[in-house]
Amino acid sequence: MAKQLNTQREEITAAYLNALDSHLADIVEGRANDMKEINEIAEVLNIHPTHLSNTIKLATGKSACCFYEHKIIDLAKSLLQETTKNITEIARLLTYEPSNFTKFFNAYVNKTPGQYRKDYFKIS
C-alpha cells in the first residue's frame, strides 16, 4: 500500500511538472497571456488544489509554488542567455511588471537580471 501511495505521489508530481513546462512554453510562444495559478493547474490535472499541493510536498519535501518559481527563474535565465530581448521584454513575456520581475529574480539569484546577463557573457 505504501509503495502504491509513493507511485501515485510521483505520478501526480510528474504530471504537475509537465503541466508547468507546457504552460511556460505556452507563455513564451504567446499561446497564453497570463500565468496560471496553482489552482488552475490543479484543475487542468483534475485534482483538488489542496490535494495537489499536499501530494507534491509529501513526495518532494518542497511546495508546489517552489517548483513553479524555480521553473520561472530557469526560463528567465535561459531567455537572458539565449535571446537579445531586453529585460523589460523578458519581464512582460513572463507576465511581470519589470520592477517586480527584477525583485523576484534578485530574490532567487542574488543578482538583477541585468547583472546576471552581464556576468553570464563575461564567463562565456
# chains A, B, ... in the order shown; residues from 1 in each chain; ligands from 1

$ residues_around --residues "Cys65 (chain A)" --least-positions-apart "5" --cutoff "9 Å" --atoms "only C-alpha atoms" --output "list in words"
Ile38, Ser53 and His70 of chain A

$ residues_around --residues "Arg9 (chain A)" --least-positions-apart "6" --cutoff "12 Å" --atoms "only C-alpha atoms" --output "ChimeraX atom specification"
/A:2-3,15-16,51-61

$ closest_residue --among "A:Ile87, A:Ala76, A:Ile27, A:Ile12" --to "His48 (chain A)" --atoms "only C-alpha atoms"
A:Ile12

$ closest_residue --among "A:Glu10, A:Leu94, A:Lys122, A:Asn110" --to "Met35 (chain A)" --atoms "only C-alpha atoms"
A:Leu94

$ atom_distance --atom1 "CA of Gln81 (chain A)" --atom2 "CA of Tyr120 (chain A)"
7.1 Å

$ closest_residue --among "A:Ile123, A:Ala64, A:Leu45, A:Ile73" --to "Asn106 (chain A)" --atoms "only C-alpha atoms"
A:Ile73

$ atom_distance --atom1 "CA of Asp26 (chain A)" --atom2 "CA of Leu93 (chain A)"
10.6 Å

$ select_by_dssp --residues "region 7-73 of chain A" --states "helix (DSSP H, G or I)" --output "PDB file with N, CA and C atoms, in the first residue's frame"
ATOM      1  N   THR A   7       4.090   5.737  -5.563  1.00  0.00           N
ATOM      2  CA  THR A   7       3.970   5.763  -7.013  1.00  0.00           C
ATOM      3  C   THR A   7       2.938   6.801  -7.437  1.00  0.00           C
ATOM      4  N   GLN A   8       1.825   6.840  -6.746  1.00  0.00           N
ATOM      5  CA  GLN A   8       0.781   7.814  -7.055  1.00  0.00           C
ATOM      6  C   GLN A   8       1.291   9.241  -6.838  1.00  0.00           C
ATOM      7  N   ARG A   9       2.008   9.464  -5.757  1.00  0.00           N
ATOM      8  CA  ARG A   9       2.586  10.788  -5.485  1.00  0.00           C
ATOM      9  C   ARG A   9       3.562  11.179  -6.589  1.00  0.00           C
ATOM     10  N   GLU A  10       4.399  10.237  -6.985  1.00  0.00           N
ATOM     11  CA  GLU A  10       5.370  10.507  -8.047  1.00  0.00           C
ATOM     12  C   GLU A  10       4.673  10.825  -9.368  1.00  0.00           C
ATOM     13  N   GLU A  11       3.603  10.107  -9.668  1.00  0.00           N
ATOM     14  CA  GLU A  11       2.855  10.358 -10.907  1.00  0.00           C
ATOM     15  C   GLU A  11       2.216  11.742 -10.885  1.00  0.00           C
ATOM     16  N   ILE A  12       1.628  12.114  -9.767  1.00  0.00           N
ATOM     17  CA  ILE A  12       0.995  13.432  -9.643  1.00  0.00           C
ATOM     18  C   ILE A  12       2.052  14.523  -9.750  1.00  0.00           C
ATOM     19  N   THR A  13       3.182  14.325  -9.088  1.00  0.00           N
ATOM     20  CA  THR A  13       4.263  15.314  -9.158  1.00  0.00           C
ATOM     21  C   THR A  13       4.779  15.452 -10.589  1.00  0.00           C
ATOM     22  N   ALA A  14       4.981  14.340 -11.267  1.00  0.00           N
ATOM     23  CA  ALA A  14       5.449  14.376 -12.660  1.00  0.00           C
ATOM     24  C   ALA A  14       4.431  15.080 -13.561  1.00  0.00           C
ATOM     25  N   ALA A  15       3.158  14.789 -13.357  1.00  0.00           N
ATOM     26  CA  ALA A  15       2.108  15.447 -14.154  1.00  0.00           C
ATOM     27  C   ALA A  15       2.111  16.951 -13.907  1.00  0.00           C
ATOM     28  N   TYR A  16       2.298  17.346 -12.659  1.00  0.00           N
ATOM     29  CA  TYR A  16       2.353  18.768 -12.310  1.00  0.00           C
ATOM     30  C   TYR A  16       3.539  19.445 -13.001  1.00  0.00           C
ATOM     31  N   LEU A  17       4.707  18.830 -12.915  1.00  0.00           N
ATOM     32  CA  LEU A  17       5.896  19.417 -13.533  1.00  0.00           C
ATOM     33  C   LEU A  17       5.744  19.500 -15.046  1.00  0.00           C
ATOM     34  N   ASN A  18       5.142  18.493 -15.659  1.00  0.00           N
ATOM     35  CA  ASN A  18       4.885  18.528 -17.101  1.00  0.00           C
ATOM     36  C   ASN A  18       3.900  19.639 -17.450  1.00  0.00           C
ATOM     37  N   ALA A  19       2.869  19.813 -16.620  1.00  0.00           N
ATOM     38  CA  ALA A  19       1.891  20.880 -16.852  1.00  0.00           C
ATOM     39  C   ALA A  19       2.553  22.244 -16.742  1.00  0.00           C
ATOM     40  N   LEU A  20       3.461  22.400 -15.779  1.00  0.00           N
ATOM     41  CA  LEU A  20       4.199  23.664 -15.659  1.00  0.00           C
ATOM     42  C   LEU A  20       5.032  23.931 -16.910  1.00  0.00           C
ATOM     43  N   ASP A  21       5.766  22.920 -17.348  1.00  0.00           N
ATOM     44  CA  ASP A  21       6.596  23.077 -18.546  1.00  0.00           C
ATOM     45  C   ASP A  21       5.753  23.459 -19.754  1.00  0.00           C
ATOM     46  N   SER A  22       4.632  22.793 -19.914  1.00  0.00           N
ATOM     47  CA  SER A  22       3.733  23.072 -21.029  1.00  0.00           C
ATOM     48  C   SER A  22       3.179  24.496 -20.945  1.00  0.00           C
ATOM     49  N   HIS A  23       2.749  24.890 -19.757  1.00  0.00           N
ATOM     50  CA  HIS A  23       2.198  26.230 -19.583  1.00  0.00           C
ATOM     51  C   HIS A  23       3.260  27.303 -19.837  1.00  0.00           C
ATOM     52  N   LEU A  24       4.453  27.114 -19.318  1.00  0.00           N
ATOM     53  CA  LEU A  24       5.508  28.103 -19.535  1.00  0.00           C
ATOM     54  C   LEU A  24       5.904  28.181 -21.013  1.00  0.00           C
ATOM     55  N   ALA A  25       5.886  27.058 -21.699  1.00  0.00           N
ATOM     56  CA  ALA A  25       6.127  27.078 -23.150  1.00  0.00           C
ATOM     57  C   ALA A  25       5.027  27.872 -23.855  1.00  0.00           C
ATOM     58  N   ASP A  26       3.787  27.691 -23.412  1.00  0.00           N
ATOM     59  CA  ASP A  26       2.677  28.467 -23.982  1.00  0.00           C
ATOM     60  C   ASP A  26       2.872  29.961 -23.749  1.00  0.00           C
ATOM     61  N   ILE A  27       3.360  30.332 -22.587  1.00  0.00           N
ATOM     62  CA  ILE A  27       3.621  31.744 -22.273  1.00  0.00           C
ATOM     63  C   ILE A  27       4.676  32.296 -23.240  1.00  0.00           C
ATOM     64  N   VAL A  28       5.791  31.594 -23.369  1.00  0.00           N
ATOM     65  CA  VAL A  28       6.892  32.068 -24.213  1.00  0.00           C
ATOM     66  C   VAL A  28       6.481  32.127 -25.682  1.00  0.00           C
ATOM     67  N   GLU A  29       5.689  31.168 -26.119  1.00  0.00           N
ATOM     68  CA  GLU A  29       5.275  31.115 -27.521  1.00  0.00           C
ATOM     69  C   GLU A  29       4.069  32.011 -27.814  1.00  0.00           C
ATOM     70  N   ILE A  38      -1.764  28.014  -9.145  1.00  0.00           N
ATOM     71  CA  ILE A  38      -1.673  26.586  -8.817  1.00  0.00           C
ATOM     72  C   ILE A  38      -3.045  25.922  -8.919  1.00  0.00           C
ATOM     73  N   ASN A  39      -4.085  26.617  -8.476  1.00  0.00           N
ATOM     74  CA  ASN A  39      -5.424  26.018  -8.536  1.00  0.00           C
ATOM     75  C   ASN A  39      -5.872  25.791  -9.981  1.00  0.00           C
ATOM     76  N   GLU A  40      -5.435  26.630 -10.908  1.00  0.00           N
ATOM     77  CA  GLU A  40      -5.791  26.435 -12.318  1.00  0.00           C
ATOM     78  C   GLU A  40      -5.040  25.247 -12.912  1.00  0.00           C
ATOM     79  N   ILE A  41      -3.816  25.062 -12.491  1.00  0.00           N
ATOM     80  CA  ILE A  41      -3.049  23.899 -12.951  1.00  0.00           C
ATOM     81  C   ILE A  41      -3.660  22.625 -12.373  1.00  0.00           C
ATOM     82  N   ALA A  42      -4.069  22.686 -11.114  1.00  0.00           N
ATOM     83  CA  ALA A  42      -4.733  21.537 -10.499  1.00  0.00           C
ATOM     84  C   ALA A  42      -6.003  21.179 -11.273  1.00  0.00           C
ATOM     85  N   GLU A  43      -6.723  22.196 -11.686  1.00  0.00           N
ATOM     86  CA  GLU A  43      -7.961  21.962 -12.456  1.00  0.00           C
ATOM     87  C   GLU A  43      -7.659  21.250 -13.767  1.00  0.00           C
ATOM     88  N   VAL A  44      -6.589  21.658 -14.443  1.00  0.00           N
ATOM     89  CA  VAL A  44      -6.175  21.001 -15.691  1.00  0.00           C
ATOM     90  C   VAL A  44      -5.866  19.529 -15.435  1.00  0.00           C
ATOM     91  N   PRO A  49      -6.836  21.409  -5.659  1.00  0.00           N
ATOM     92  CA  PRO A  49      -5.599  22.151  -5.406  1.00  0.00           C
ATOM     93  C   PRO A  49      -4.896  21.780  -4.091  1.00  0.00           C
ATOM     94  N   THR A  50      -5.663  21.559  -3.042  1.00  0.00           N
ATOM     95  CA  THR A  50      -5.065  21.182  -1.758  1.00  0.00           C
ATOM     96  C   THR A  50      -4.415  19.810  -1.858  1.00  0.00           C
ATOM     97  N   HIS A  51      -5.089  18.884  -2.526  1.00  0.00           N
ATOM     98  CA  HIS A  51      -4.518  17.545  -2.717  1.00  0.00           C
ATOM     99  C   HIS A  51      -3.231  17.633  -3.541  1.00  0.00           C
ATOM    100  N   LEU A  52      -3.237  18.438  -4.584  1.00  0.00           N
ATOM    101  CA  LEU A  52      -2.041  18.615  -5.403  1.00  0.00           C
ATOM    102  C   LEU A  52      -0.892  19.150  -4.556  1.00  0.00           C
ATOM    103  N   SER A  53      -1.145  20.226  -3.835  1.00  0.00           N
ATOM    104  CA  SER A  53      -0.091  20.835  -3.001  1.00  0.00           C
ATOM    105  C   SER A  53       0.427  19.875  -1.943  1.00  0.00           C
ATOM    106  N   ASN A  54      -0.479  19.208  -1.264  1.00  0.00           N
ATOM    107  CA  ASN A  54      -0.078  18.261  -0.216  1.00  0.00           C
ATOM    108  C   ASN A  54       0.710  17.089  -0.783  1.00  0.00           C
ATOM    109  N   THR A  55       0.283  16.589  -1.923  1.00  0.00           N
ATOM    110  CA  THR A  55       0.957  15.446  -2.548  1.00  0.00           C
ATOM    111  C   THR A  55       2.371  15.813  -2.967  1.00  0.00           C
ATOM    112  N   ILE A  56       2.531  16.976  -3.579  1.00  0.00           N
ATOM    113  CA  ILE A  56       3.865  17.404  -4.006  1.00  0.00           C
ATOM    114  C   ILE A  56       4.774  17.598  -2.800  1.00  0.00           C
ATOM    115  N   LYS A  57       4.232  18.191  -1.745  1.00  0.00           N
ATOM    116  CA  LYS A  57       5.019  18.402  -0.522  1.00  0.00           C
ATOM    117  C   LYS A  57       5.450  17.065   0.080  1.00  0.00           C
ATOM    118  N   LEU A  58       4.533  16.097   0.121  1.00  0.00           N
ATOM    119  CA  LEU A  58       4.864  14.775   0.659  1.00  0.00           C
ATOM    120  C   LEU A  58       5.877  14.042  -0.215  1.00  0.00           C
ATOM    121  N   ALA A  59       5.752  14.193  -1.521  1.00  0.00           N
ATOM    122  CA  ALA A  59       6.635  13.468  -2.445  1.00  0.00           C
ATOM    123  C   ALA A  59       8.031  14.071  -2.526  1.00  0.00           C
ATOM    124  N   THR A  60       8.128  15.386  -2.352  1.00  0.00           N
ATOM    125  CA  THR A  60       9.408  16.049  -2.617  1.00  0.00           C
ATOM    126  C   THR A  60       9.976  16.822  -1.427  1.00  0.00           C
ATOM    127  N   ALA A  64       4.553  23.211  -4.048  1.00  0.00           N
ATOM    128  CA  ALA A  64       4.253  23.337  -5.476  1.00  0.00           C
ATOM    129  C   ALA A  64       4.723  24.690  -5.990  1.00  0.00           C
ATOM    130  N   CYS A  65       4.547  25.725  -5.187  1.00  0.00           N
ATOM    131  CA  CYS A  65       4.975  27.077  -5.572  1.00  0.00           C
ATOM    132  C   CYS A  65       6.479  27.138  -5.790  1.00  0.00           C
ATOM    133  N   CYS A  66       7.209  26.433  -4.971  1.00  0.00           N
ATOM    134  CA  CYS A  66       8.672  26.415  -5.077  1.00  0.00           C
ATOM    135  C   CYS A  66       9.097  25.915  -6.463  1.00  0.00           C
ATOM    136  N   PHE A  67       8.493  24.838  -6.916  1.00  0.00           N
ATOM    137  CA  PHE A  67       8.816  24.304  -8.241  1.00  0.00           C
ATOM    138  C   PHE A  67       8.454  25.299  -9.333  1.00  0.00           C
ATOM    139  N   TYR A  68       7.286  25.918  -9.211  1.00  0.00           N
ATOM    140  CA  TYR A  68       6.812  26.888 -10.188  1.00  0.00           C
ATOM    141  C   TYR A  68       7.792  28.057 -10.280  1.00  0.00           C
ATOM    142  N   GLU A  69       8.154  28.613  -9.136  1.00  0.00           N
ATOM    143  CA  GLU A  69       9.058  29.761  -9.115  1.00  0.00           C
ATOM    144  C   GLU A  69      10.422  29.411  -9.682  1.00  0.00           C
ATOM    145  N   HIS A  70      10.940  28.230  -9.359  1.00  0.00           N
ATOM    146  CA  HIS A  70      12.239  27.832  -9.890  1.00  0.00           C
ATOM    147  C   HIS A  70      12.192  27.615 -11.402  1.00  0.00           C
ATOM    148  N   LYS A  71      11.093  27.100 -11.893  1.00  0.00           N
ATOM    149  CA  LYS A  71      10.961  26.937 -13.343  1.00  0.00           C
ATOM    150  C   LYS A  71      10.910  28.295 -14.041  1.00  0.00           C
ATOM    151  N   ILE A  72      10.232  29.256 -13.429  1.00  0.00           N
ATOM    152  CA  ILE A  72      10.190  30.610 -13.998  1.00  0.00           C
ATOM    153  C   ILE A  72      11.595  31.212 -14.000  1.00  0.00           C
ATOM    154  N   ILE A  73      12.326  31.048 -12.906  1.00  0.00           N
ATOM    155  CA  ILE A  73      13.693  31.566 -12.835  1.00  0.00           C
ATOM    156  C   ILE A  73      14.569  30.895 -13.892  1.00  0.00           C
TER     157      ILE A  73
END

$ atom_distance --atom1 "CA of Thr88 (chain A)" --atom2 "CA of Thr112 (chain A)"
12.3 Å
